[in-house]
>>> print(open('upload.cif').read())   # mmCIF, C-alpha atoms and all ligand atoms
data_data
#
loop_
_atom_site.label_atom_id
_atom_site.label_comp_id
_atom_site.auth_asym_id
_atom_site.auth_seq_id
_atom_site.Cartn_x
_atom_site.Cartn_y
_atom_site.Cartn_z
CA MET A 15 91.21 -11.29 59.91
CA ILE A 16 89.39 -14.20 61.45
CA PHE A 17 88.57 -12.52 64.78
CA ASP A 18 86.69 -9.67 63.08
CA ILE A 19 83.83 -12.12 62.91
CA PHE A 20 83.10 -11.46 66.57
CA ARG A 21 82.88 -7.69 66.04
CA LYS A 22 80.99 -7.39 62.77
CA LYS A 23 77.52 -5.95 63.35
CA ILE A 24 74.64 -8.34 62.72
CA ASP A 25 72.05 -7.10 60.24
CA PRO A 26 68.74 -7.04 62.20
CA ASN A 27 67.00 -8.36 59.07
CA GLY A 28 69.44 -11.21 58.81
CA THR A 29 68.93 -13.09 62.05
CA LEU A 30 67.90 -16.67 62.75
CA GLU A 31 65.37 -15.73 65.43
CA VAL A 32 62.60 -17.59 63.64
CA LEU A 33 64.45 -20.86 64.24
CA LYS A 34 64.96 -20.21 67.97
CA THR A 35 67.03 -23.37 68.48
CA ASP A 36 70.21 -24.59 66.88
CA ILE A 37 70.13 -28.39 66.92
CA HIS A 38 73.70 -29.17 65.82
CA SER A 39 76.89 -27.65 67.26
CA HIS A 40 80.36 -28.53 68.45
CA LEU A 41 80.86 -26.01 71.22
CA ILE A 42 81.97 -28.08 74.21
CA PRO A 43 85.70 -27.29 74.34
CA LYS A 44 88.25 -29.96 73.50
CA VAL A 45 86.04 -33.02 73.13
CA ASP A 46 86.15 -33.33 69.34
CA ASP A 47 87.24 -31.32 66.31
CA GLY A 48 85.03 -28.40 67.38
CA SER A 49 85.71 -25.61 69.88
CA HIS A 50 89.29 -25.62 71.16
CA SER A 51 88.73 -23.31 74.17
CA TYR A 52 86.20 -21.77 76.54
CA ASP A 53 87.14 -18.43 75.05
CA PHE A 54 85.99 -19.51 71.59
CA SER A 55 82.83 -21.15 72.96
CA ILE A 56 81.92 -18.01 74.93
CA LYS A 57 82.45 -15.73 71.93
CA SER A 58 80.55 -18.05 69.60
CA ILE A 59 77.59 -18.51 71.91
CA ARG A 60 77.43 -14.74 72.45
CA ARG A 61 77.47 -14.32 68.68
CA MET A 62 74.74 -16.90 68.22
CA ALA A 63 72.60 -15.02 70.75
CA GLU A 64 73.10 -11.89 68.62
CA LEU A 65 72.01 -13.94 65.61
CA GLY A 66 68.71 -14.61 67.38
CA TYR A 67 69.18 -18.07 68.83
CA SER A 68 67.89 -18.59 72.38
CA LYS A 69 68.70 -22.30 72.68
CA ILE A 70 71.60 -24.41 71.46
CA CYS A 71 71.84 -28.16 71.49
CA LEU A 72 75.45 -29.23 72.09
CA THR A 73 76.11 -32.26 69.87
CA PRO A 74 79.70 -33.46 70.24
CA HIS A 75 80.88 -36.29 68.02
CA PHE A 76 80.48 -39.83 69.31
CA GLN A 77 82.58 -42.19 67.22
CA SER A 78 84.05 -45.61 67.89
CA TYR A 79 87.62 -44.70 66.94
CA LYS A 80 88.39 -41.00 66.51
CA PHE A 81 86.25 -39.30 69.16
CA LYS A 82 85.49 -41.87 71.85
CA ASN A 83 83.36 -39.62 73.99
CA ASP A 84 81.56 -40.83 77.06
CA GLU A 85 78.01 -39.68 77.74
CA ASP A 86 78.50 -38.96 81.47
CA ASP A 87 81.67 -36.99 80.81
CA ILE A 88 79.90 -34.91 78.15
CA LEU A 89 77.03 -34.17 80.54
CA GLU A 90 79.53 -32.90 83.12
CA ARG A 91 81.35 -30.75 80.58
CA ALA A 92 78.06 -29.33 79.31
CA GLU A 93 77.16 -28.34 82.88
CA LYS A 94 80.52 -26.61 83.27
CA LEU A 95 79.94 -24.74 80.00
CA ARG A 96 76.50 -23.65 81.26
CA GLN A 97 78.16 -22.18 84.35
CA VAL A 98 80.78 -20.36 82.28
CA ILE A 99 78.10 -18.94 79.99
CA ALA A 100 76.06 -17.73 82.98
CA GLU A 101 79.17 -16.16 84.58
CA ASN A 102 79.68 -14.25 81.34
CA ASN A 103 76.08 -12.98 81.44
CA ILE A 104 75.09 -14.63 78.19
CA LYS A 105 71.44 -15.53 77.91
CA MET A 106 71.42 -18.86 76.14
CA GLU A 107 69.86 -22.17 77.09
CA LEU A 108 72.19 -25.09 76.46
CA ILE A 109 70.78 -28.56 76.03
CA VAL A 110 72.75 -31.71 75.28
CA GLY A 111 72.65 -34.32 72.56
CA GLY A 112 75.31 -36.00 70.48
CA GLU A 113 76.20 -36.59 66.85
CA TYR A 114 76.57 -40.36 66.58
CA LEU A 115 78.54 -41.69 63.64
CA VAL A 116 77.12 -44.94 62.29
CA ASP A 117 80.43 -46.81 62.08
CA SER A 118 81.45 -50.41 62.61
CA GLY A 119 81.19 -50.02 66.38
CA PHE A 120 77.74 -48.45 66.35
CA ARG A 121 75.86 -51.72 66.84
CA LYS A 122 77.43 -52.11 70.28
CA ARG A 123 75.66 -48.92 71.34
CA LEU A 124 72.33 -50.59 70.63
CA GLU A 125 73.12 -53.18 73.29
CA THR A 126 73.64 -50.58 76.01
CA ASN A 127 71.06 -48.22 74.48
CA ARG A 128 72.96 -45.29 75.99
CA PHE A 129 72.54 -42.19 73.86
CA LEU A 130 72.43 -38.47 74.50
CA LYS A 131 69.32 -37.28 72.71
CA MET A 132 67.95 -33.83 72.15
CA ASN A 133 65.03 -33.37 74.55
CA ASN A 134 65.41 -37.06 75.33
CA GLN A 135 63.59 -37.61 72.05
CA TYR A 136 65.69 -36.99 68.94
CA LEU A 137 68.80 -38.99 68.13
CA LEU A 138 71.17 -37.22 65.74
CA ILE A 139 73.16 -39.60 63.56
CA GLU A 140 75.67 -39.11 60.76
CA PHE A 141 77.15 -41.42 58.14
CA SER A 142 80.52 -41.76 56.49
CA PHE A 143 80.79 -39.06 53.82
CA ASN A 144 82.22 -41.34 51.14
CA GLN A 145 80.96 -44.84 51.71
CA ALA A 146 77.43 -46.19 51.82
CA ILE A 147 76.51 -48.26 54.88
CA LEU A 148 75.07 -51.71 54.31
CA GLY A 149 71.88 -52.49 56.18
CA ILE A 150 71.18 -48.88 57.13
CA ASN A 151 67.41 -49.24 56.73
CA GLU A 152 67.32 -52.20 59.11
CA LEU A 153 69.48 -50.34 61.61
CA VAL A 154 67.27 -47.26 61.48
CA PHE A 155 64.22 -49.46 61.91
CA GLU A 156 65.78 -51.01 65.00
CA LEU A 157 66.55 -47.59 66.47
CA GLN A 158 62.99 -46.47 65.85
CA LYS A 159 61.63 -49.67 67.39
CA MET A 160 63.65 -48.82 70.51
CA GLY A 161 61.82 -45.50 70.68
CA HIS A 162 64.42 -43.18 69.16
CA GLU A 163 63.32 -40.50 66.73
CA VAL A 164 66.16 -40.42 64.26
CA ILE A 165 67.54 -37.24 62.67
CA LEU A 166 70.10 -37.58 59.90
CA ALA A 167 72.68 -34.79 59.98
CA HIS A 168 73.49 -32.95 56.72
CA PRO A 169 72.16 -35.41 54.09
CA GLU A 170 73.40 -32.97 51.44
CA ARG A 171 77.00 -33.87 52.27
CA TYR A 172 77.02 -37.63 51.58
CA ILE A 173 78.70 -38.03 48.20
CA TYR A 174 77.11 -41.42 47.39
CA PHE A 175 73.61 -39.96 47.85
CA TYR A 176 74.23 -37.95 44.65
CA GLU A 177 74.32 -41.08 42.47
CA HIS A 178 71.87 -42.99 44.63
CA PRO A 179 68.91 -40.77 45.43
CA GLU A 180 67.00 -43.88 46.43
CA ILE A 181 69.02 -43.99 49.68
CA PRO A 182 67.70 -40.70 51.14
CA LYS A 183 64.27 -41.46 49.66
CA GLN A 184 64.07 -44.76 51.57
CA LEU A 185 65.23 -43.08 54.77
CA LYS A 186 62.54 -40.42 54.37
CA ASP A 187 59.95 -43.13 53.73
CA GLN A 188 61.05 -44.68 57.01
CA GLY A 189 60.32 -41.46 58.87
CA VAL A 190 63.87 -40.22 59.35
CA TYR A 191 64.09 -36.48 59.97
CA PHE A 192 66.60 -34.56 57.87
CA GLN A 193 68.75 -31.70 59.16
CA SER A 194 70.59 -29.56 56.63
CA ASN A 195 73.46 -27.29 57.53
CA ILE A 196 72.67 -23.62 57.01
CA THR A 197 76.06 -23.03 55.42
CA SER A 198 75.44 -25.83 52.90
CA PHE A 199 72.87 -23.54 51.26
CA THR A 200 75.63 -21.11 50.34
CA GLY A 201 78.22 -23.67 49.25
CA PHE A 202 80.49 -23.63 52.30
CA TYR A 203 81.35 -27.31 51.80
CA SER A 204 80.94 -27.54 48.02
CA LYS A 205 78.77 -26.15 45.24
CA ARG A 206 76.97 -29.48 45.03
CA THR A 207 75.55 -29.08 48.55
CA ILE A 208 73.58 -26.06 47.30
CA VAL A 209 71.89 -28.23 44.66
CA GLU A 210 71.20 -31.00 47.16
CA CYS A 211 69.83 -28.65 49.83
CA ASN A 212 67.47 -27.05 47.35
CA LYS A 213 66.32 -30.47 46.16
CA TYR A 214 65.53 -31.59 49.71
CA ILE A 215 63.73 -28.34 50.42
CA ALA A 216 61.65 -28.68 47.23
CA ASN A 217 60.74 -32.24 48.22
CA GLY A 218 59.62 -31.02 51.64
CA TRP A 219 62.25 -33.26 53.24
CA THR A 220 64.17 -30.73 55.34
CA ASP A 221 62.84 -30.86 58.87
CA PHE A 222 65.58 -29.01 60.76
CA LEU A 223 68.40 -26.58 60.08
CA GLY A 224 71.66 -26.61 62.02
CA THR A 225 74.86 -24.60 62.24
CA ASP A 226 77.22 -27.57 62.79
CA ILE A 227 79.58 -24.89 64.10
CA HIS A 228 83.12 -26.05 64.81
CA ASN A 229 85.36 -22.96 64.65
CA SER A 230 85.65 -19.32 63.53
CA ILE A 231 85.57 -20.20 59.85
CA TYR A 232 82.21 -21.95 60.30
CA LEU A 233 80.92 -19.01 62.31
CA GLU A 234 81.96 -16.53 59.64
CA ALA A 235 80.26 -18.68 56.97
CA LEU A 236 77.12 -18.79 59.13
CA VAL A 237 76.93 -15.01 59.50
CA LYS A 238 77.40 -14.66 55.74
CA ALA A 239 74.72 -17.28 54.99
CA CYS A 240 72.24 -15.38 57.18
CA GLN A 241 72.62 -12.40 54.85
CA ASP A 242 72.34 -14.44 51.67
CA ARG A 243 69.26 -13.44 49.69
CA LYS A 244 68.42 -16.98 48.52
CA PHE A 245 68.80 -18.43 52.01
CA ARG A 246 66.62 -15.64 53.49
CA LYS A 247 63.93 -16.58 50.97
CA ILE A 248 64.05 -20.20 52.12
CA LEU A 249 63.81 -19.12 55.73
CA ASP A 250 60.81 -16.92 54.91
CA THR A 251 59.07 -19.55 52.77
CA TYR A 252 59.46 -22.83 54.63
CA GLN A 253 58.79 -23.93 58.17
CA PHE A 254 61.25 -25.95 60.18
CA LEU A 255 60.87 -27.86 63.42
CA ASN A 256 63.72 -26.07 65.23
CA ASN A 257 61.35 -23.82 67.16
CA THR A 258 59.48 -26.84 68.56
CA ILE A 259 62.59 -27.84 70.52
FE FE B 1 78.53 -32.07 63.30
#
>>> encode(input="upload.cif", output="structure tokens", more="lines below")
Ligand SMILES: [Fe+2]
Amino acid sequence: MIFDIFRKKIDPNGTLEVLKTDIHSHLIPKVDDGSHSYDFSIKSIRRMAELGYSKICLTPHFQSYKFKNDEDDILERAEKLRQVIAENNIKMELIVGGEYLVDSGFRKRLETNRFLKMNNQYLLIEFSFNQAILGINELVFELQKMGHEVILAHPERYIYFYEHPEIPKQLKDQGVYFQSNITSFTGFYSKRTIVECNKYIANGWTDFLGTDIHNSIYLEALVKACQDRKFRKILDTYQFLNNTI
């Protein structure tokens, strides 16, 4: 039963309080493939407060074809969600960013330089999962030159990184921050993501953790991951930048 996830008691030793802030979520209703209703967003945000989060960065997809979101519209919707959350007496700070897909239309964004960034500082980007992007190092360099601090979302999920470890290595050398998904550590996407996450952690490359929450299935996987012994050890052993946001 999917909705049991909202009732299950959270283990007080299995929270994410140490992180304080979730930097990757899809909780603005009906703007992408994430939350489909205010009801789901309310329940999820309440659940995330129980998990120990006190701040969530809303990062809807910005893509040139599938999710053509507009920054001003997203800011308005985020404000509406803030009101709804306050009306429901949930204590959670909501800040706004975006998850920008580097696709064939991405270069146009550089011309307008209009991005929603976390704390007006960090720009969250993602790549195609299956296909390497030509000229990515130059593009990242350009973004950084413009003053954007670039975070790459879930590096453990890009299939071509597995055969080409030099790609993430070069990005790291360029000063790109890496954000792994918490549920990747427990194999929510694939078993391979566990290997990749552990490799990045061992290299000291994982700067942030995120939920990347889209729906109830993600939420359930998140609650489970919080209770996973190996993930708890990582949380206890390593420091992440989430709580600086
Ligand atoms: Fe995402």
>>> atom_distance(input="upload.cif", atom1="atom CA of A:Arg21", atom2="atom CA of A:Lys94")
25.7 Å
>>> residues_near_ligand(input="upload.cif", ligand="ligand FE 1 (chain B)", cutoff="9 Å", atoms="all atoms listed in the file", output="list in words")
His38, Ser39, His40, Gly48, Thr73, Pro74, His75, Gly112, Glu113, Glu140, Ala167, His168, Gly224, Thr225, Asp226, Ile227 and His228 of chain A
>>> residues_around(input="upload.cif", residues="A:Ile70", least_positions_apart="5", cutoff="7 Å", atoms="all atoms listed in the file", output="list in words")
Thr35, Asp36, Ile37, Glu107, Leu108 and Ile109 of chain A
>>> write_last_selection(input="upload.cif", atoms="C-alpha atoms", output="PDB file, in the frame of the given file")
ATOM      1  CA  THR A  35      67.030 -23.370  68.480  1.00  0.00           C
ATOM      2  CA  ASP A  36      70.210 -24.590  66.880  1.00  0.00           C
ATOM      3  CA  ILE A  37      70.130 -28.390  66.920  1.00  0.00           C
ATOM      4  CA  GLU A 107      69.860 -22.170  77.090  1.00  0.00           C
ATOM      5  CA  LEU A 108      72.190 -25.090  76.460  1.00  0.00           C
ATOM      6  CA  ILE A 109      70.780 -28.560  76.030  1.00  0.00           C
TER       7      ILE A 109
END
>>> closest_residue(input="upload.cif", among="A:Gln97, A:Asn133, A:Ser55, A:Asn151", to="A:Cys71", atoms="all atoms listed in the file")
A:Asn133
>>> atom_distance(input="upload.cif", atom1="atom CA of A:Cys211", atom2="atom CA of A:Phe199")
6.1 Å
>>> closest_residue(input="upload.cif", among="A:Arg246, A:Arg121, A:Lys44, A:Lys105", to="A:Gly66", atoms="all atoms listed in the file")
A:Lys105
>>> atom_distance(input="upload.cif", atom1="atom CA of A:Tyr176", atom2="atom CA of A:Tyr79")
26.9 Å
>>> closest_residue(input="upload.cif", among="A:Gln241, A:Thr220, A:Ser49, A:Thr258", to="A:Leu166", atoms="only C-alpha atoms")
A:Thr220
>>> residues_around(input="upload.cif", residues="stretch 80-90 of chain A", least_positions_apart="5", cutoff="9 Å", atoms="all atoms listed in the file", output="compact mmCIF listing (two decimals) with C-alpha atoms, in the frame of the given file")
# COMPACT_ATOMS: atom_id res chain seq x y z
CA ILE A 42 81.97 -28.08 74.21
CA VAL A 45 86.04 -33.02 73.13
CA ASP A 46 86.15 -33.33 69.34
CA ASP A 47 87.24 -31.32 66.31
CA PRO A 74 79.70 -33.46 70.24
CA HIS A 75 80.88 -36.29 68.02
CA LEU A 95 79.94 -24.74 80.00
CA VAL A 110 72.75 -31.71 75.28
CA GLY A 112 75.31 -36.00 70.48
CA ARG A 128 72.96 -45.29 75.99
CA PHE A 129 72.54 -42.19 73.86
CA LEU A 130 72.43 -38.47 74.50
>>> residues_around(input="upload.cif", residues="A:Tyr252", least_positions_apart="5", cutoff="9 Å", atoms="all atoms listed in the file", output="JSON, numbers by chain")
{"A": [215, 218, 247]}
>>> closest_residue(input="upload.cif", among="A:Asp242, A:Asp25, A:Glu101, A:Glu93", to="A:Leu65", atoms="only C-alpha atoms")
A:Asp25
